[in-house]
Every structure is written in structure tokens, then in C-alpha cells.
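J.: Here it is, the structure in full.
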There are 4 protein chains.
Amino acid sequence: MGDVLELGKLLAADDVIIDGGNSFYKDDMRRAAELTKQAIHYVDVGTSGGVWGLERGYCMMIGGQAEVVARLEPIFQALAPGRGLIERTPGRTGDDDRAEQGYIHTGPVGSGHFVKMIHNGIEYGLMQAYAEGFEILKAKASETLPAGERFNLELAEIAEVWRRGSVISSWLLDLTAQALVQDVTLDHYSGSVADSGEGRWTIEAAIEAAVPTPVLANALFARFRSREENSYSDRLLSAMRFGFGGHVEKGAK
Amino acid sequence: MGDVLELGKLLAADDVIIDGGNSFYKDDMRRAAELTKQAIHYVDVGTSGGVWGLERGYCMMIGGQAEVVARLEPIFQALAPGRGLIERTPGRTGDDDRAEQGYIHTGPVGSGHFVKMIHNGIEYGLMQAYAEGFEILKAKASETLPAGERFNLELAEIAEVWRRGSVISSWLLDLTAQALVQDVTLDHYSGSVADSGEGRWTIEAAIEAAVPTPVLANALFARFRSREENSYSDRLLSAMRFGFGGHVEKGAK
Amino acid sequence: MGDVLELGKLLAADDVIIDGGNSFYKDDMRRAAELTKQAIHYVDVGTSGGVWGLERGYCMMIGGQAEVVARLEPIFQALAPGRGLIERTPGRTGDDDRAEQGYIHTGPVGSGHFVKMIHNGIEYGLMQAYAEGFEILKAKASETLPAGERFNLELAEIAEVWRRGSVISSWLLDLTAQALVQDVTLDHYSGSVADSGEGRWTIEAAIEAAVPTPVLANALFARFRSREENSYSDRLLSAMRFGFGGHVEKGAK
Amino acid sequence: MGDVLELGKLLAADDVIIDGGNSFYKDDMRRAAELTKQAIHYVDVGTSGGVWGLERGYCMMIGGQAEVVARLEPIFQALAPGRGLIERTPGRTGDDDRAEQGYIHTGPVGSGHFVKMIHNGIEYGLMQAYAEGFEILKAKASETLPAGERFNLELAEIAEVWRRGSVISSWLLDLTAQALVQDVTLDHYSGSVADSGEGRWTIEAAIEAAVPTPVLANALFARFRSREENSYSDRLLSAMRFGFGGHVEKGAK
């Protein structure tokens with residue numbers, strides 16, 4: 001943040017700074033306002049595609065002044081994946097369609113990272129939906145269920161078949177299928193799941209605008225919870241249960 | 001369940017079986033229908049008060065045929081806590097008020113346990129609300145926060161002061177205050193929180209009637225989660241993150 | 001249900017009944033147990049692909065005895081979409097791969113519909129994640145936000161660009177893009193969202209096995225809530241707020 | 001905010017400003033830092049008790065420098081409800097117990113409002129738990145249930161009996177009983193439920209410290225949702241369902 005303004009000192013009027021990372025969009029807006037005093041332009045570009053971007057292409061969400069973005073258009077055109085083999089959305093018309101090429105001008109400074117932020121919020125929700133579903137499938141073999149109600153399901157096969165025309169086919173499902181075919185136990189993962197700013201900021205943006213987001217928020221909380229052992233909250237529940245019912249927890253120290 | 005019908009064989013016409021436990025209300029209904037063939041009556045009584053019932057009183061929710069419940073009234077009257085020191089609800093009138101004495105006839109067989117079941121569902125939600133709140137208070141001292149934004153809050157004092165006229169005063173808060181004054185770390189609890197049938201059946205009843213119950217359901221799920229270590233769901237999230245971003249989890253094996 | 005057993009009367013030993021609908025898997029198990037007394041076989045086939053199945057292909061999850069499923073294999077082979085243009089999952093080997101053709105034998109009777117049921121549970125979660133995300137994007141233009149913090153985002157363009165290599169590309173996103181390009185207001189929908197048995201049974205299956213499913217359950221509850229106006233629950237919140245704070249709701253009658 | 005600093009101009013060194021409202025605790029911290037330049041002190045006092053405070057007493061959570069708070073002690077002592085009839089928490093000892101009198105010094109400036117903020121977050125969760133429970137009770141009479149599975153429950157009697165020794169007795173339940181005895185339909189409420197800053201800031205504080213708060217967040221979201229009709233999110237679900245299944249919503253325009 002300080003660094004961007006530092007950078008501004010090295011530049012001349014009408015230069016453009018492109019922030020292609022995952023900055024917080026309000027930081028973009030503040031920096032751009034500072035830099036504009038020196039007539040330096042600022043463009044925020046959110047990208048999505050992960051480490052597969054080179055192979056699979058990646059899309060760009062670009063915030064900034066229209067003239068400045070237009071000036072940089074050759075760069076975005078060169079980086080964008082192009083239409084490739086992806087089928088056209090029925091109802092779209094026209095030839096010059098930047099969205100179909102894989103990049104859009106989302107609006108003023110900050111809006112590129114804002115849109116990318118929401119993308120990540122959605123990503124958390126999608127991932128958690130698959131994760132919960134596969135855990136139910138796996139748990140169907142659990143010994144806590146009556147013997148006659150258990151199934152030993154082959155999760156890698158299920159992920160694979162869902163890639164074939166199902167309503168829930170997606171790139172995240174492709175990755176799931178890939179992980180499960182390698183090792184269906186997933187035992188080399190500890191399940192301590194990181195989260196980054198975008199997921200958190202998404203919920204803050206939802207709260208600012210009073211939008212109910214139970215799925216996106218619970219997906220974030222599942223990650224928080226994955227990194228806790230023996231949470232204070234759970235211990236307090238145990239303490240209350242002991243208080244009113246004399247219940248002693250299993251495995252209590 | 002089989003036992004209740006077994007018990008029926010030992011009884012004579014017009015006898016009454018009282019189930020004072022936490023049976024599933026649909027089991028009550030099925031059993032009563034069986035027993036009625038032998039002219040044996042069935043009454044389901046849900047009670048709430050925990051191990052403190054003797055000292056503090058406990059209330060009863062009674063399902064069964066009106067005549068049968070009326071016949072047993074002296075028993076319920078004897079067991080009920082009576083009005084005690086609890087202030088009268090403004091707007092209530094009349095002298096003969098069983099609810100104010102601490103027991104009610106809720107309706108036909110099964111309805112007593114149904115009402116008790118929902119009571120427990122609510123209980124889970126209330127407990128989880130306090131638990132989350134106290135965890136945020138505790139976390140305000142966390143080293144993950146910027147140094148200038150931390151508070152070392154005295155949780156036992158906070159619980160105590162909230163007992164004094166606050167909007168969130170309750171018996172569960174009294175128990176919380178009691179647990180925290182004994183040992184504010186709660187370190188002798190592992191935080192592996194049990195759940196019983198009522199909490200689960202509450203969500204099933206909500207789903208049957210299409211009632212949205214995000215708080216009650218999430219309170220139940222928090223208990224499920226408290227008993228898991230290293231869940232499959234979380235490991236799958238880690239696997240997907242590795243898949244699209246090359247992210248390796250902290251502390252991965 | 002009765003009908004399936006009725007149907008059994010018209011069949012001869014060793015005949016096979018295929019239930020290709022969305023039956024509850026415990027009903028499958030009960031029916032199969034009945035029919036087996038007459039030596040009639042039962043196979044449950046869950047399919048996913050929606051009304052686009054003919055064009056896009058659809059996948060099948062098949063529950064039943066191995067010999068019986070094997071006997072019907074030519075049918076499934078004929079119906080399955082085949083590998084088509086979908087890239088092979090890295091790590092898969094071998095030639096004879098039914099999952100890659102678009103169908104799998106999931107296990108004993110009931111398991112086909114069980115797997116399909118979880119598929120639908122996941123589907124609810126995915127849909128809700130996108131829906132919440134797009135609502136935040138739309139709300140970013142809301143007049144309740146400070147003027148300097150609003151963006152007028154073009155939702156159809158955003159959906160389109162996310163189809164181009166992003167981490168959240170999926171078939172449901174393709175459908176979203178299609179809906180938004182036709183009418184970005186979505187004003188011809190009332191937003192009263194139906195749910196079917198599978199979404200509900202998924203949560204019940206999760207509860208039976210003590211699997212925390214906050215995202216799948218909240219997605220279901222969002223649909224319940226979408227069909228309510230002026231819910232009792234909300235009115236009770238208003239009543240409590242009036243009770244402790246004298247707060248009168250905006251727009252109260 | 002500006003006003004507080006404005007106020008500072010009217011004061012002299014060593015004067016104390018008490019903010020007894022519901023300010024955001026980070027605003028307290030910033031203001032206090034400004035005022036300290038003029039040697040003016042700042043104390044933030046969160047209070048809870050609602051409009052019943054005069055009659056029932058109300059408690060105070062006080063943030064500020066120890067010496068400054070000590071100087072004001074006579075004021076807090078005069079305002080505090082005192083021990084009254086509330087039973088002592090087992091395990092507490094000593095005579096000089098401000099918490100038992102109804103006020104505490106929570107720590108440095110900001111901590112009083114921080115603790116009050118979490119109090120309100122918990123309040124939202126508690127209220128929502130009761131609200132969901134009563135909605136399930138009411139829905140048990142719904143015509144969407146099979147005729148033999150319905151109960152017509154008397155909600156006012158249930159609330160009343162739960163006041164009598166049950167585990168879920170609380171002041172909020174007292175208020176619920178009071179509202180239901182007046183008009184069990186609650187029809188004069190529209191169910192459009194307001195929320196204030198504290199509920200929102202609680203979730204933000206939880207996110208800052210990575211504390212999972214599914215219940216508190218969902219309680220907030222239920223309020224957001226109560227104020228929406230025909231949400232964009234729901235309309236998008238309907239649009240997707242139409243897209244993959246040709247499902248037309250009931251009551252669609």
C-alpha cells in the first residue's frame with residue numbers, strides 16, 4: 001500500500017500502474033485518488049484461473065477509467081484466452097465481445113478487484129458444497145449407522161461420472177475427480193484450510209449492503225473452524241451441559 | 001419401544017402408561033395406537049429443568065387424551081413447581097392456570113414430547129449463541145490481531161454483569177457465569193460436545209414443515225463438527241485448493 | 001410405492017423393475033425386499049442432466065445386485081453419453097471405464113438413488129452460492145450505500161467472463177449467463193423457489209450420520225424462506241424488539 | 001463523530017467525556033486518541049436493559065483508563081441496579097464486587113462498547129433461536145402436513161410453561177410470553193426486522209479474529225432477509241431451475 005504510493009514517485013504524469021494481484025478494492029480506490037494528484041493512472045485487474053491459467057486460459061476483470069483501460073486494451077487482448085472451444089451462450093449477439101474473449105471492463109477503479117473478490121466468495125461456497133456432499137457419501141459407510149443401512153461408495157467413480165453431463169459438472173468437480181483418483185483417502189491432507197482476504201471481504205461487502213449470504217458466510221466459517229482444535233466455544237457448550245444436566249463429555253480430561 | 005408394548009401385556013384395561021423420558025413423538029403415537037387396542041392409555045410427558053429440577057422446579061409438557069390427563073392431574077399438580085417467585089406475565093388473567101403452575105396439556109398423544117423436542121432444539125441455538133459470543137470476546141486478545149487492537153477481557157466478570165438486568169440474562173447465562181468463575185480457561189473440557197435425538201428431530205420436523213431454521217440447524221452442526229478431527233470435508237477443500245492454486249496447507253503432512 | 005408392488009404382480013420370476021425416477025432410497029430398499037420374495041429384481045437408477053440430457057448427455061448412478069446390473073449393461077451403454085469431448089481426468093488409466101462413459105454401478109439396491117440424492121443436495125448448495133454472489137454484485141449499486149462506494153456492474157458480462165477459464169466455471173454458471181443475457185433484471189421470476197425431496201433427504205442423511213452440512217442445509221432453508229411472506233419467526237423478532245426496546249418496525253401496520 | 005471532537009473544544013484539560021450510546025468501538029479509540037492531545041479523557045459505557053432499565057435495572061460495561069473510571073465510580077455506583085434478588089453465582093467470593101452490583105470496568109477505551117457490541121450479537125442469536133422454535137410449533141398445524149401428524153399447539157401456554165424452571169428460561173422468553181398472551185397471531189407485526197450496527201460489527205469482529213460464528217451470522221442474515229421481498233438471489237435460483245429443468249415456478253408472472 002505504502003509501496004504503491006512510493007512507486008508513484010518514480011513515475012511520470014500519464015503513466016499507468018496496474019495492480020494485478022488480489023488487493024482490497026477500497027485500497028485501490030484510495031491509492032488511485034492519491035496517485036491522481038500526480039496525474040498517474042491506476043488500473044486494478046482481478047484474474048481467475050489459478051496455476052492452470054497458462055494452459056486453460058484465465059479471465060480478467062478490469063477496473064479503471066475508460067480511456068486508460070482502452071489504452072491498455074492490446075495488453076488485455078494479448079493475455080486473454082479468446083473464445084476457444086467454449087460454446088457461445090445462447091442469446092449473445094455481435095462480434096466484438098470482450099467478455100467472450102475473457103476480459104471485461106467492470107467500471108471505475110476498484111470495481112475489477114471487487115468483482116474478483118465476489119468470485120472468490122462464490123468459490124468458497126461452491127467448494128464447501130462439494131466437500132459436504134462427499135463427506136455424506138463417505139459417511140454412508142460409517143459404523144455408527146445400522147449395518148443394513150450402510151453403503152461403501154466409490155467416491156472417485158462418483159466424481160468421475162458426475163463430470164459426464166450432470167447438472168453439477170464444473171471445473172472444481174474436475175479437480176475433485178483428479179484428487180480422488182490419486183488417493184481417495186485424502187490422508188496426506190491435514191484439513192487445515194487457509195482462507196484469504198477475498199472470502200472475508202465478500203462477507204463484509206454483503207453486510208454493508210444488507211445482503212443475506214448464509215452459504216458464503218458458512219463456507220468461510222467452515223475454514224475458520226478447520227483450523228481450530230478444541231475451540232473455546234465448544235468447551236463452553238460442554239461446560240453448560242455439565243451445568244444443567246450433569247453431562248460429562250466423552251473423552252473429557 | 002418393544003419394551004413399552006411388552007409392558008402393555010402386564011397391564012389391564014384402563015391402565016395408563018406415562019412415558020416421562022425423551023422419546024421420539026412419532027414413537028409415542030405408534031405405541032399409543034397399539035396399546036389402545038387393549039384399552040391401555042398412554043401419556044407422554046416432556047420435562048425440562050435438568051439436574052436442578054428438585055431445587056429450581058421443572059416444567060412439564062403433557063400429551064394424551066383429555067380425560068386421561070385430567071385423571072392424572074393430581075400427580076402433575078404435586079410435581080409442578082408452582083408459581084414461586086416468578087413474576088406474572090403482564091396480560092395473563094384468571095386463577096386456574098396450569099401453565100403458571102408449571103405444567104400444560106399440549107394436546108393428543110405425542111404432542112408433549114413434540115413440544116419438549118422443540119424446547120431442546122431452541123436450547124441448542126441459545127447455547128451456541130452464547131458460546132460464539134464468548135469465543136469472540138476471548139479471541140480479542142489473540143496475537144493474530146494487530147497489537148493496538150487487542151483487549152484482555154475478563155470473561156467471568158462479563159458473564160456476571162450480564163446477569164444484572166441485561167437483555168440476554170437467562171438461566172443458561174447463570175450457568176455460564178458459574179462455569180467461568182470456577183475456571184475461565186475451561187481447559188478441563190475437551191470440547192467434544194454430544195447431541196441427543198431431540199436436536200436432530202427438531203431439524204427433521206422443521207424440514208417436514210418447510211420451516212427455515214438456520215440457527216437451530218447450525219447449532220446442531222457445530223456439535224457434530226466438535227466431535228470431528230481432520231474432517232474429510234476439510235481435506236477435500238485442501239485438495240481442491242492444491243488442485244487449482246498449488247496451495248500447500250500449513251502443517252500438511 | 002404401492003404401485004411398484006402392484007406392478008410386481010404382473011411380472012414373472014427373474015424379471016427386473018427399473019426405477020429411473022427420483023425415489024427415496026429407503027423406499028427402494030423396502031420395495032426390493034418385498035419383490036425379492038417373488039424373485040423379481042429391482043434396480044434404481046438416478047440420472048442427472050436435466051432437460052438438456054438429449055443434447056448434452058446425462059449420467060446414471062445405478063444401484064442393484066451386480067448380476068442384475070450386469071445383465072442390463074447393454075441398456076446403460078446405449079443410453080450413456082460416452083466420453084465425448086470431455087478431457088480425461090489426469091491419473092485415470094485403463095480402457096474399460098464405465099464412469100468415463102457416463103454410468104456407474106454404485107452398489108446394492110438404493111445406492112443409485114442415494115448418490116443421486118446427494119448430487120441434488122450439492123446442486124442446491126452450488127446454486128445458492130452463485131445466487132448470493134450475484135445479489136452482492138447487484139446490491140453494489142444500491143442507494144443505501146454511500147454514493148462514492150457504488151458500482152453499477154453489468155451482471156451478464158460478469159457471468160460471461162467467468163465462463164472463460166475462471167475457477168468457478170460450471171454448467172450452472174453457463175445457465176446463469178444465459179438467463180442474464182436474456183433479461184438481467186430477472187423480473188419475470190417471482191423468486192418463489194421450489195424444492196424437491198432430494199434436497200430434504202440429503203440433510204436427513206447428513207443428520208443420521210452426524211455430518212455437519214451448514215452450506216447444504218442453508219441452501220435448502222433459503223428456498224423455504226423464499227416461499228414465505230411475513231414469516232411468524234420474523235414477526236416474533238419484531239414483537240421481542242418492541243418488548244425490550246420499544247422499537248416499532250418500519251412499515252408496521 | 002466530528003461532534004465529539006467539536007465538543008472537545010468546549011472542554012478543559014482533565015475533563016471527561018462519557019459516550020453512553022452504542023458507538024463503534026474503533027470510533028471510540030480514534031476519538032480518545034484525538035482528545036488525549038488536549039488532555040481530555042474519554043470513557044465508553046455500553047448499557048443493556050432496554051426500556052425496562054428503570055424498573056428492572058440495567059448493567060454497564062465501561063471502557064477507559066483505570067484512574068479516570070475510578071474517578072467516575074460514584075456515578076456508576078449510583079446508576080447500577082445493585083444485587084437485588086438475583087441469586088449469587090456459586091463460587092463467587094468477596095465483598096467488593098462491581099460485577100454483582102451491575103457494572104464492570106472492561107479495560108481500555110473502546111472495550112466497553114466492544115463488550116456491549118458482542119452482547120447484542122448474542123442477543124440476535126438468542127432471539128432467532130426462539131423465533132425458529134416457535135415457528136416450528138406453529139407450523140405443526142399446517143395443512144401441508146398429513147392430517148394425522150398435525151397438532152394445534154397453544155403457543156402462549158407453551159411460552160408460559162417454559163418460564164417455569166425450564167432450561168431455556170430467560171428474559172427474552174418472558175417478553176415472548178408477554179407478546180403471545182396479548183395476541184398469539186402477531187398479525188399486527190409485518191415481520192420487517194431492523195438491525196443495528198452492533199449485530200453487523202459483531203460479525204466483522206468475528207471475521208477479523210477468524211472465529212466461526214454461524215449462529216450469530218445467520219441470525220443477522222435472517223433480519224436482512226426479512227426486509228427483502230422477491231430477492232434477486234431467489235429469482236436467480238428460479239432462473240437456473242428453469243434453465244436446467246424447465247421448471248416453471250408456482251405463481252410465476
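Scheme for the C-alpha cells: letters A, B, ... for chains in order shown; per-chain residue numbers from 1; ligand numbers from 1 in order shown.
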Compile the contact shell of Phe134 (chain A) as a VMD selection string: residues with an atom at most 8 Å away, counting only C-alpha atoms, same-chain residues fewer than 5 positions apart removed.
T.: (chain A and resid 155) or (chain B and resid 232 to 233)
J.: I'd like the neighbourhood of Ala206 (chain C) as a short mmCIF file (atom, residue, chain, number, x, y, z; two decimals) with N, CA, C and O atoms, in the first residue's frame, where a residue qualifies if any of its atoms comes within 12 Å (using only C-alpha atoms), though same-chain residues fewer than 2 positions away should be ignored.
T.:
data_model
loop_
_atom_site.label_atom_id
_atom_site.label_comp_id
_atom_site.auth_asym_id
_atom_site.auth_seq_id
_atom_site.Cartn_x
_atom_site.Cartn_y
_atom_site.Cartn_z
N GLU A 132 -19.07 -30.99 1.51
CA GLU A 132 -20.10 -31.56 2.38
C GLU A 132 -20.75 -32.78 1.73
O GLU A 132 -20.99 -33.80 2.39
N GLY A 133 -21.03 -32.66 0.45
CA GLY A 133 -21.66 -33.79 -0.25
C GLY A 133 -20.80 -35.03 -0.20
O GLY A 133 -21.27 -36.14 0.11
N PHE A 134 -19.51 -34.87 -0.48
CA PHE A 134 -18.62 -36.05 -0.47
C PHE A 134 -18.45 -36.60 0.95
O PHE A 134 -18.27 -37.80 1.11
N GLU A 135 -18.51 -35.72 1.94
CA GLU A 135 -18.41 -36.26 3.29
C GLU A 135 -19.65 -37.11 3.65
O GLU A 135 -19.53 -38.13 4.32
N ILE A 136 -20.81 -36.69 3.19
CA ILE A 136 -22.00 -37.53 3.45
C ILE A 136 -21.85 -38.88 2.73
O ILE A 136 -22.16 -39.93 3.30
N LEU A 137 -21.38 -38.84 1.50
CA LEU A 137 -21.19 -40.10 0.75
C LEU A 137 -20.24 -41.03 1.51
O LEU A 137 -20.50 -42.23 1.64
N LYS A 138 -19.13 -40.46 1.97
CA LYS A 138 -18.15 -41.28 2.68
C LYS A 138 -18.74 -41.83 3.99
O LYS A 138 -18.55 -42.99 4.34
N ALA A 139 -19.48 -40.96 4.69
CA ALA A 139 -20.03 -41.35 6.00
C ALA A 139 -21.11 -42.41 5.88
O ALA A 139 -21.50 -43.02 6.88
N LYS A 140 -21.57 -42.66 4.66
CA LYS A 140 -22.62 -43.67 4.49
C LYS A 140 -22.08 -45.07 4.79
O LYS A 140 -22.86 -46.02 4.92
N SER A 142 -20.26 -45.51 7.50
CA SER A 142 -19.86 -45.40 8.91
C SER A 142 -20.46 -46.48 9.80
O SER A 142 -21.63 -46.86 9.64
N LEU A 145 -23.84 -46.09 11.68
CA LEU A 145 -25.15 -46.36 11.07
C LEU A 145 -25.52 -47.83 11.27
O LEU A 145 -24.64 -48.68 11.37
N ARG B 200 -31.73 -33.33 16.77
CA ARG B 200 -31.81 -33.83 15.38
C ARG B 200 -33.26 -33.86 14.89
O ARG B 200 -33.56 -33.44 13.77
N ILE B 203 -34.76 -30.55 13.69
CA ILE B 203 -34.47 -30.14 12.31
C ILE B 203 -35.31 -30.94 11.33
O ILE B 203 -35.82 -30.40 10.34
N GLU B 204 -35.49 -32.22 11.62
CA GLU B 204 -36.33 -33.03 10.72
C GLU B 204 -37.77 -32.52 10.72
O GLU B 204 -38.42 -32.46 9.67
N ALA B 217 -30.28 -25.37 13.09
CA ALA B 217 -29.51 -26.38 12.37
C ALA B 217 -28.02 -26.14 12.53
O ALA B 217 -27.25 -27.09 12.75
N LEU B 220 -26.76 -27.40 15.78
CA LEU B 220 -26.58 -28.86 15.77
C LEU B 220 -25.29 -29.23 15.04
O LEU B 220 -24.49 -30.05 15.51
N PHE B 221 -25.07 -28.59 13.89
CA PHE B 221 -23.88 -28.91 13.10
C PHE B 221 -22.59 -28.56 13.86
O PHE B 221 -21.57 -29.23 13.72
N PHE B 224 -21.83 -31.53 15.86
CA PHE B 224 -21.26 -32.59 15.02
C PHE B 224 -19.78 -32.28 14.75
O PHE B 224 -18.92 -33.13 14.89
N ARG B 225 -19.55 -31.04 14.35
CA ARG B 225 -18.18 -30.65 13.98
C ARG B 225 -17.22 -30.75 15.15
O ARG B 225 -16.04 -31.07 14.98
N PHE C 114 -29.44 -43.00 -3.71
CA PHE C 114 -28.74 -42.29 -2.63
C PHE C 114 -27.71 -41.32 -3.22
O PHE C 114 -27.64 -40.15 -2.85
N MET C 117 -29.35 -38.46 -4.86
CA MET C 117 -29.90 -37.56 -3.85
C MET C 117 -28.81 -36.57 -3.37
O MET C 117 -29.05 -35.36 -3.29
N ILE C 118 -27.63 -37.10 -3.09
CA ILE C 118 -26.54 -36.21 -2.64
C ILE C 118 -26.16 -35.25 -3.76
O ILE C 118 -25.85 -34.08 -3.50
N GLY C 121 -28.43 -32.47 -3.44
CA GLY C 121 -28.08 -31.65 -2.28
C GLY C 121 -26.94 -30.70 -2.63
O GLY C 121 -26.98 -29.50 -2.32
N GLY C 199 -33.31 -32.72 -1.85
CA GLY C 199 -32.62 -31.72 -1.02
C GLY C 199 -32.90 -31.95 0.45
O GLY C 199 -32.01 -31.83 1.30
N ARG C 200 -34.14 -32.28 0.78
CA ARG C 200 -34.52 -32.51 2.18
C ARG C 200 -33.89 -33.80 2.70
O ARG C 200 -33.36 -33.84 3.82
N TRP C 201 -33.98 -34.86 1.88
CA TRP C 201 -33.43 -36.14 2.33
C TRP C 201 -31.92 -36.07 2.53
O TRP C 201 -31.36 -36.78 3.36
N THR C 202 -31.28 -35.22 1.74
CA THR C 202 -29.82 -35.06 1.90
C THR C 202 -29.49 -34.59 3.32
O THR C 202 -28.57 -35.11 3.96
N ILE C 203 -30.24 -33.63 3.81
CA ILE C 203 -29.97 -33.13 5.16
C ILE C 203 -30.30 -34.20 6.19
O ILE C 203 -29.57 -34.38 7.17
N GLU C 204 -31.36 -34.94 5.97
CA GLU C 204 -31.69 -36.01 6.90
C GLU C 204 -30.59 -37.08 6.92
O GLU C 204 -30.22 -37.59 7.98
N GLU C 208 -28.39 -38.16 10.13
CA GLU C 208 -28.27 -39.56 10.56
C GLU C 208 -26.83 -39.96 10.80
O GLU C 208 -26.53 -40.75 11.69
N ALA C 209 -25.93 -39.42 9.98
CA ALA C 209 -24.52 -39.80 10.09
C ALA C 209 -23.69 -38.74 10.81
O ALA C 209 -22.47 -38.84 10.86
N ALA C 210 -24.37 -37.75 11.39
CA ALA C 210 -23.70 -36.69 12.16
C ALA C 210 -22.65 -35.95 11.33
O ALA C 210 -21.57 -35.61 11.82
N VAL C 211 -22.97 -35.66 10.08
CA VAL C 211 -22.07 -34.88 9.21
C VAL C 211 -22.54 -33.42 9.21
O VAL C 211 -23.69 -33.15 8.90
N PRO C 212 -21.67 -32.50 9.59
CA PRO C 212 -22.07 -31.08 9.55
C PRO C 212 -22.23 -30.60 8.12
O PRO C 212 -21.29 -30.71 7.33
N THR C 213 -23.38 -30.05 7.79
CA THR C 213 -23.64 -29.60 6.41
C THR C 213 -24.27 -28.21 6.40
O THR C 213 -25.38 -28.01 5.90
N PRO C 214 -23.54 -27.24 6.94
CA PRO C 214 -24.12 -25.90 7.01
C PRO C 214 -24.49 -25.33 5.65
O PRO C 214 -25.52 -24.66 5.53
N VAL C 215 -23.68 -25.58 4.66
CA VAL C 215 -23.96 -24.97 3.35
C VAL C 215 -25.16 -25.64 2.68
O VAL C 215 -26.08 -24.97 2.18
N LEU C 216 -25.19 -26.95 2.70
CA LEU C 216 -26.31 -27.63 2.04
C LEU C 216 -27.62 -27.32 2.77
O LEU C 216 -28.65 -27.10 2.13
N ALA C 217 -27.59 -27.28 4.09
CA ALA C 217 -28.82 -27.01 4.84
C ALA C 217 -29.27 -25.57 4.64
O ALA C 217 -30.46 -25.30 4.43
#
J.: Quick one: everything within 7 Å of Val181 (chain A), counting only C-alpha atoms, minus sequence neighbours fewer than 2 positions away in the same chain. Send it as a ChimeraX atom specification.
T.: /A:156,177-179,183-184 /C:91-92
J.: Please return, as a PDB file with C-alpha atoms, in the first residue's frame, all residues of chain A lying within 6 Å of chain B when only C-alpha atoms are considered.
T.:
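Output saved as out_10.pdb:
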ATOM      1  CA  GLY A  50      -5.175 -20.472 -10.849  1.00  0.00           C
ATOM      2  CA  VAL A  51      -1.943 -22.182 -11.674  1.00  0.00           C
ATOM      3  CA  ALA A 131     -16.971 -31.054   0.297  1.00  0.00           C
ATOM      4  CA  GLU A 132     -20.096 -31.561   2.383  1.00  0.00           C
ATOM      5  CA  GLU A 135     -18.414 -36.264   3.288  1.00  0.00           C
ATOM      6  CA  LEU A 175     -10.218 -31.094  -9.742  1.00  0.00           C
ATOM      7  CA  HIS A 188      -1.990 -36.684   3.222  1.00  0.00           C
ATOM      8  CA  TYR A 189      -4.025 -33.569   3.851  1.00  0.00           C
ATOM      9  CA  SER A 190      -4.499 -32.409   7.431  1.00  0.00           C
ATOM     10  CA  GLY A 191      -7.624 -30.487   6.547  1.00  0.00           C
ATOM     11  CA  VAL A 193      -7.840 -24.941   5.298  1.00  0.00           C
ATOM     12  CA  ASN A 230     -10.806 -27.901  20.815  1.00  0.00           C
ATOM     13  CA  TYR A 232     -13.379 -22.307  23.358  1.00  0.00           C
ATOM     14  CA  SER A 233     -16.906 -22.181  22.040  1.00  0.00           C
ATOM     15  CA  ASP A 234     -17.233 -25.966  22.144  1.00  0.00           C
ATOM     16  CA  ARG A 235     -15.728 -26.149  25.610  1.00  0.00           C
ATOM     17  CA  LEU A 236     -18.278 -23.650  26.820  1.00  0.00           C
ATOM     18  CA  SER A 238     -19.659 -28.758  27.338  1.00  0.00           C
ATOM     19  CA  GLY A 243     -24.051 -27.300  34.435  1.00  0.00           C
ATOM     20  CA  PHE A 244     -27.655 -28.133  33.680  1.00  0.00           C
ATOM     21  CA  GLY A 245     -27.565 -31.841  33.066  1.00  0.00           C
ATOM     22  CA  ALA A 252     -13.153 -35.478  28.926  1.00  0.00           C
ATOM     23  CA  LYS A 253      -9.806 -34.979  30.584  1.00  0.00           C
TER      24      LYS A 253
END
J.: Would you mind listing what lies within 10 Å of Ser111 (chain C) as a ChimeraX atom specification, with only C-alpha atoms counted and same-chain residues fewer than 3 positions away left out?
T.: /A:140,149-153 /C:25-26,28-29,43-46,61-64,105-108,114-117
J.: Just write the chosen residues, C-alpha atoms, as a tab-separated table (two decimals), in the first residue's frame.
T.:
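Final output, saved to out_16.tsv:
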chain	number	residue	atom	x	y	z
A	140	LYS	CA	-22.62	-43.67	4.49
A	149	GLU	CA	-28.18	-49.01	6.02
A	150	ARG	CA	-24.54	-48.67	5.02
A	151	PHE	CA	-23.10	-48.32	1.52
A	152	ASN	CA	-19.43	-48.46	0.64
A	153	LEU	CA	-19.41	-45.92	-2.12
C	25	TYR	CA	-33.60	-44.74	-1.47
C	26	LYS	CA	-35.14	-46.31	1.63
C	28	ASP	CA	-36.19	-48.66	-2.99
C	29	MET	CA	-34.73	-50.90	-0.32
C	43	VAL	CA	-32.68	-51.64	-9.93
C	44	ASP	CA	-32.67	-47.96	-9.00
C	45	VAL	CA	-31.16	-45.54	-11.49
C	46	GLY	CA	-30.56	-41.92	-10.65
C	61	MET	CA	-25.95	-43.86	-10.97
C	62	ILE	CA	-27.16	-47.44	-10.72
C	63	GLY	CA	-28.00	-49.43	-7.59
C	64	GLY	CA	-28.77	-53.13	-7.63
C	105	HIS	CA	-22.79	-49.25	-10.57
C	106	THR	CA	-22.85	-47.64	-7.15
C	107	GLY	CA	-23.61	-50.73	-5.04
C	108	PRO	CA	-26.67	-52.53	-3.72
C	114	PHE	CA	-28.74	-42.29	-2.63
C	115	VAL	CA	-25.89	-40.98	-4.77
C	116	LYS	CA	-28.31	-39.05	-6.98
C	117	MET	CA	-29.90	-37.56	-3.85
J.: When you look at Gly82 (chain C) with a cut-off of 10 Å (counting only C-alpha atoms), what residues show up, excluding the ones that are within fewer than 4 positions of it in the same chain? I need them as a PyMOL selection string.
T.: (chain A and resi 164-165) or (chain C and resi 57-59+77-78+86+98-103)
J.: Please give the complete set of residues from region 50-153 of chain D that DSSP, run on the backbone, assigns to alpha helix (DSSP H), formatted as a PyMOL selection string.
T.: chain D and resi 53-56+66-79+98-101+111-139
J.: Which one of B:Gln38, B:Thr93, B:Ser48, B:Ser170 sits closest to Leu126 (chain B) if you count only C-alpha atoms?
T.: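 With only C-alpha atoms as the atom set, the closest residue is B:Ser170.
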J.: I'd like to know which residues of region 6-47 of chain C are strand (DSSP E or B) (by DSSP, run on the backbone); could you write them as JSON, numbers by chain?
T.: {"C": [16, 17, 18, 19, 41, 42, 43, 44, 45, 46, 47]}
J.: Could you jot down the CA of Asp15 (chain C) to CA of Ile40 (chain C) separation for me, Å, one decimal place?
T.: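 Pair CA of Asp15 (chain C) / CA of Ile40 (chain C) returns 5.3 Å.
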J.: Could you work out how far CA of Glu123 (chain A) lies from CA of Ile168 (chain C), giving the answer in Å with one decimal?
T.: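 That distance, rounded to one decimal, is 5.9 Å.
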